[in-house]
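Student: First, the structure itself, so that you have it in front of you.
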Amino acid sequence: MNPNLIPAVDPAGLPAPLWLFHVLLVFTFFLHLVFMNLTLGGTVLALVAHLKSGGRRDDFRGVLARRLMAINNYGISLTITTGVAPLLFIQAIYQQYFYTATILLAPLWLAMLALLIAGYYAAYLYKFRGAPSRGSGGGVWLSVAAVMFFLIAMIHVAVHLVHAQPEKWGNLADGAWSVFADPTYWPRLLHFILAGLGFAALVTAWWAVRRAAEGVDSEDNTAIARWAWRWALWTTVLQVVDGFLLLMVLPQPVLRGIMTGGVVTLAPLTLAILLGIGLLMMLARVTNPVEKPGLIAGTLGAMILTIAIMSITRHQVRALYLEPSTAQFSFEIVPQWGNFALFVVLLVAGLATVGYMLRRVLTSPASGADAA
Amino acid sequence: MDYPIWDLALGGGMLMALVAIPHVIVSHFAIGGGLLIVVTETLAVKRDDPELRELARRSSLVLILVSTVFGAISGVGIWVVAGLISPATISALIHTYVWGWAIEWVFFILEIVAALVYYTTWDKISKGAHLLVGWLYFIGAYLSLVIINGIITFMLTPGRWLETQAFWDGFFNPTYWPSLFLRTGIAILMATTFMVFPALKASAERRAGILRYLGWWMVGGVVLSYAGFRWWEAVLPATVRNLFSGAEPALTTLASTRSFTLWALTVALVFGLLILIAAPRLARAATAVVMALAAFAFFGGYERLREGTRKPFLIHSHMFSNGLLVSDIETINDEGVLARSGWAARGATDSLSMGRQVFRVQCSSCHTLDGYQSIRRALPTYDDMLAVVSDQSAGSGAFASECAACHADVSAADMREMLPTAAEMAEDPEMILDLNQGMIYMAVSQLYELGEAYGAAPRGEMINTGELHSSYMPPFVGTDEELEALVEYLAVLARGDDVEQASIGGGR
């Protein structure tokens with residue numbers, strides 16, 4: 001490693017202990033992942049369903065595609081909104097690595113903005129010009145949205161791998177495309193794609209089961225739940241295989257770091273693996289999800305828990321990648337506890353306000369002349 | 001200074017402008033639109049006025065499609081671009097205001113969720129609940145302005161922060177309140193200009209009334225904007241204000257920008273009074289576009305003025321626009337730029353490439369080679385020299401454009417006396433190139449001395465850049481060897497025979 005290529009830490013220091021920023025980064029990234037999975041996996045799944053339906057409104061897969069994209073009109077916004085916080089915190093504690101990586105991949109990183117705008121508006125065009133409003137068609141808009149979100153995932157994985165490996169920066173500066181030849185690149189990307197597909201499929205199945213239980217379009221919802229459940233099952237099968245593959249291709253020092261890190265690293269990893277296998281067992285036990293609504297909700301809960309724990313492991317893997325470098329630097333800590341407390345209070349108040357607003361909306365249906 | 005440099009032919013400043021200008025317009029619309037739409041809906045409910053309600057509904061579609069999508073992404077885009085073109089500076093802002101940004105994120109969540117719910121629930125929930133959502137949207141959006149305004153104004157007038165480095169000293173800085181006032185006016189102005197378009201779709205009998213309603217909002221926005229602008233000017237430190245106002249402004253281009261800004265606001269007001277209030281029948285999409293452009297021009301002019309008066313700093317009196325800290329000048333002069341940045345040192349294999357790397361580190365955040373703020377056009381060339389000695393006119397346009405900036409105390413005739421004749425130049429072009437290199441050396445040396453002046457300025461207070469030579473330029477910092485290498489590189493650039501060497505090679 002050429003230490004001279006690693007910029008100095010910011011002289012302004014940090015307004016709280018480092019551990020607090022690690023916690024905030026992992027927590028907010030987890031929130032981002034939940035919505036990102038819906039956006040990426042949901043759009044790809046919607047595209048598959050749309051293609052399978054032949055673009056027909058009356059096919060249950062067409063209903064599924066419309067439903068997923070209706071969720072995504074919110075999901076994409078919330079993916080961006082929840083992405084702001086981890087983007088802030090990574091700049092606070094990993095700015096030397098993060099900025100350098102984005103500069104080395106500058107055209108791609110900048111292109112992400114255009115891809116995101118294109119993907120987002122394509123999703124809206126599907127809503128306004130495709131199947132949801134016209135009953136058929138819209139495959140082109142769905143395809144554009146899915147491709148855009150897939151490319152964004154590729155860029156994020158590339159930036160992550162570059163920022164985590166400063167020892168490779170010298171070579172990357174002469175040819176940044178070599179990041180795509182990193183042995184972990186494709187397994188890591190696949191890990192995110194499969195997680196997105198699996199999560200979106202489970203959410204879809206869960207929603208369809210709820211609707212079926214309410215007696216709404218029972219036939220369609222039963223078919224949707226079965227179809228989505230199979231997607232959740234097979235993507236999770238592949239995910240477990242890919243997860244082990246990713247573990248095996250990690251650089252030796254990183255792998256060693258995980259295995260010798262004691263309970264701190266082994267507990268989350270073991271728990272995540274056990275949850276993954278547990279998920280498989282739960283998924284494999286059911287053929288008709290509508291018959292077992294309790295198990296479906298439990299499976300979805302288990303998957304969210306898995307995502308949370310894998311967020312911790314992912315962060316630990318990054319820390320191990322960067323350990324040789326981060327050990328050379330230390331931040332000056334100048335705590336601003338009052339400002340942190342203000343942030344926490346406002347966060348709680350803000351989320352409570354959002355909760356109150358949503359509850360009020362859900363309990364205030366339109367009635368006659370009072371309809372808004 | 002120690003990050004890799006992204007060579008961008010377009011120029012970092014231009015890229016930032018392309019992302020930031022649409023963002024500020026849209027984000028202010030998102031705030032003002034929130035207010036106008038929910039007030040409009042409230043009035044519509046109170047008066048049982050379906051047409052007014054329809055205006056709010058149609059506008060909310062624009063709000064959701066433009067604000068929550070483009071506004072949100074371009075807002076992230078400002079971080080993305082800043083990280084690419086000026087990582088040290090965005091890092092300084094992030095580290096100084098982590099909790100400020102985090103608090104803004106909370107309001108952003110409220111704003112986005114409320115916007116999505118507001119648009120989706122028309123006709124699906126009770127009027128009272130819908131109005132609640134609309135007001136919560138506006139509160140979230142406005143509070144995000146309350147936060148970001150502190151960070152933006154801090155950059156121009158950090159105030160007591162320079163002395164105390166305390167979060168709130170920088171946040172509630174001297175221009176905080178005038179700027180909040182001004183931006184509130186701008187937000188209303190932006191929203192009005194956008195909402196005229198959906199208002200044009202109102203029924204024939206109601207259109208005039210609805211346009212007049214928007215017209216009064218517009219007048220209110222203009223009044224707030226004008227008052228806020230003048231208040232902002234009044235509280236600026238005299239050293240900053242004198243750059244663009246007074247009998248003899250130090251920077252005439254900024255004085256012109258100020259004049260342009262106020263004229264644009266006047267045009268917007270005149271159009272607003274005419275097509276919205278006095279004669280709404282004249283309102284067409286085309287006239288509304290002109291009014292919107294005038295309002296944008298005012299807003300853009302103000303932002304240009306704000307950015308321009310901050311030059312050469314990113315955080316006034318603390319950090320220059322190329323990421324150099326005022327407090328680092330002396331150290332870097334001793335140790336050198338290349339000792340500070342492994343990335344710059346990596347590409348410096350000989351004197352010329354060292355000069356190129358010094359240019360990239362210190363100059364390329366503002367100057368491109370041949371595009372925006374072209375460095376090559378700023379350098380003296382053989383053709384410039386020839387033009388000066390060949391131009392015998394009394395006014396001597398060539399002298400004014402090529403020499404006067406550096407040689408204010410020399411007349412055109414005296415300059416021609418000092419220079420070789422056109423025939424001598426043709427006979428010995430190398431002599432002219434050497435002469436040019438000497439002039440470049442003098443200019444860079446002056447920038448080095450500028451650094452010494454900055455270094456000697458009292459700490460903890462605003463530096464009076466108006467008293468300094470080249471007050472809009474960051475200083476040159478580095479060792480003598482680096483200075484000479486930069487001069488050599490610039491001289492080669494001025495010859496124009498090394499495009500490849502100048503623009504490619506050395507990696508990042």
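Identifiers in this document derive from the order of the structure tokens: chains are assigned A, B, ..., residues are numbered from 1 separately in each chain, and ligands are numbered from 1 in order of occurrence.
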Define the interface residues of chain B facing chain A as those within 8 Å, counting only C-alpha atoms, and report them as a PyMOL selection string.
Tutor: chain B and resi 2-6+68-70+72-74+76-77+80-81+83-84+87-88+91-92+94-96+98-103+105-110+112-114+116+121-130+132-133+341-343+507-508
Student: Could you list, as a VMD selection string, every residue within 10 Å of Gln165 (chain A), counting only C-alpha atoms and ignoring same-chain residues fewer than 3 positions away?
Tutor: chain A and resid 1 97 101 160 to 162 168 to 169 318 321 to 322 324 to 325
Student: Any chance you could tabulate, as JSON lines, the residues of region 288-368 of chain B at most 10 Å from region 270-275 of chain B with each one's nearest atom pair and distance in Å to one decimal, using only C-alpha atoms, in chain and rising number order?
Tutor:
{"residue": "B:Ala288", "atom": "CA", "partner": "B:Ile275", "partner_atom": "CA", "distance": 8.0}
{"residue": "B:Val290", "atom": "CA", "partner": "B:Phe271", "partner_atom": "CA", "distance": 8.1}
{"residue": "B:Met291", "atom": "CA", "partner": "B:Phe271", "partner_atom": "CA", "distance": 5.8}
{"residue": "B:Ala292", "atom": "CA", "partner": "B:Phe271", "partner_atom": "CA", "distance": 9.4}
{"residue": "B:Ala294", "atom": "CA", "partner": "B:Phe271", "partner_atom": "CA", "distance": 8.8}
{"residue": "B:Ala295", "atom": "CA", "partner": "B:Gly272", "partner_atom": "CA", "distance": 9.9}
Student: Taking N, CA and C atoms for each residue, export the selection above as a PDB file, in the first residue's frame.
Tutor:
ATOM      1  N   ALA B 288     -46.039  33.741 -19.619  1.00  0.00           N
ATOM      2  CA  ALA B 288     -45.697  33.137 -18.327  1.00  0.00           C
ATOM      3  C   ALA B 288     -44.255  32.639 -18.337  1.00  0.00           C
ATOM      4  N   VAL B 290     -41.788  34.011 -20.060  1.00  0.00           N
ATOM      5  CA  VAL B 290     -40.919  35.192 -19.918  1.00  0.00           C
ATOM      6  C   VAL B 290     -40.849  35.614 -18.449  1.00  0.00           C
ATOM      7  N   MET B 291     -42.007  35.630 -17.793  1.00  0.00           N
ATOM      8  CA  MET B 291     -42.033  36.008 -16.380  1.00  0.00           C
ATOM      9  C   MET B 291     -41.203  35.034 -15.531  1.00  0.00           C
ATOM     10  N   ALA B 292     -41.349  33.745 -15.850  1.00  0.00           N
ATOM     11  CA  ALA B 292     -40.580  32.739 -15.107  1.00  0.00           C
ATOM     12  C   ALA B 292     -39.085  32.939 -15.346  1.00  0.00           C
ATOM     13  N   ALA B 294     -37.530  35.664 -16.062  1.00  0.00           N
ATOM     14  CA  ALA B 294     -37.067  36.853 -15.322  1.00  0.00           C
ATOM     15  C   ALA B 294     -36.865  36.508 -13.847  1.00  0.00           C
ATOM     16  N   ALA B 295     -37.812  35.731 -13.304  1.00  0.00           N
ATOM     17  CA  ALA B 295     -37.682  35.337 -11.889  1.00  0.00           C
ATOM     18  C   ALA B 295     -36.453  34.448 -11.691  1.00  0.00           C
TER      19      ALA B 295
END
Student: Could you please determine the separation between CA of Ser470 (chain B) and CA of Pro458 (chain B) in Å, to one decimal place?
Tutor: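 Taking CA of Ser470 (chain B) as the start and CA of Pro458 (chain B) as the end point, the length is 19.0 Å.
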Student: As a ChimeraX atom specification, please: every residue in region 103-341 of chain A that a backbone DSSP assignment puts in alpha helix (DSSP H).
Tutor: /A:103-104,106-129,131-134,139-164,169-174,185-213,218-249,252-259,263-285,293-326,337-341
Student: Set the distance at 8 Å and use only C-alpha atoms: which residues neighbour Leu115 (chain A) once local chain neighbours fewer than 2 positions away are removed? I'd like the list as a VMD selection string.
Tutor: chain A and resid 111 to 113 117 to 119 148 to 149 151 to 152
Student: In Å to one decimal, how far is CA of Asn72 (chain A) from CA of Leu40 (chain A)?
Tutor: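 Value for the CA of Leu40 (chain A)-CA of Asn72 (chain A) distance: 9.2 Å.
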Student: Do a neighbour search on region 36-52 of chain B at 8 Å with only C-alpha atoms, toss out local chain neighbours closer than 5 positions, and write the hits as a list in words.
Tutor: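 Here the qualifying residues turn out to be Arg57, Ser59, Ser60, Lys127, Leu131, Gly134, Trp135, Phe138, Ile188, Ala191, Thr192, Ala202, Ser203, Arg206 and Ile210 of chain B.
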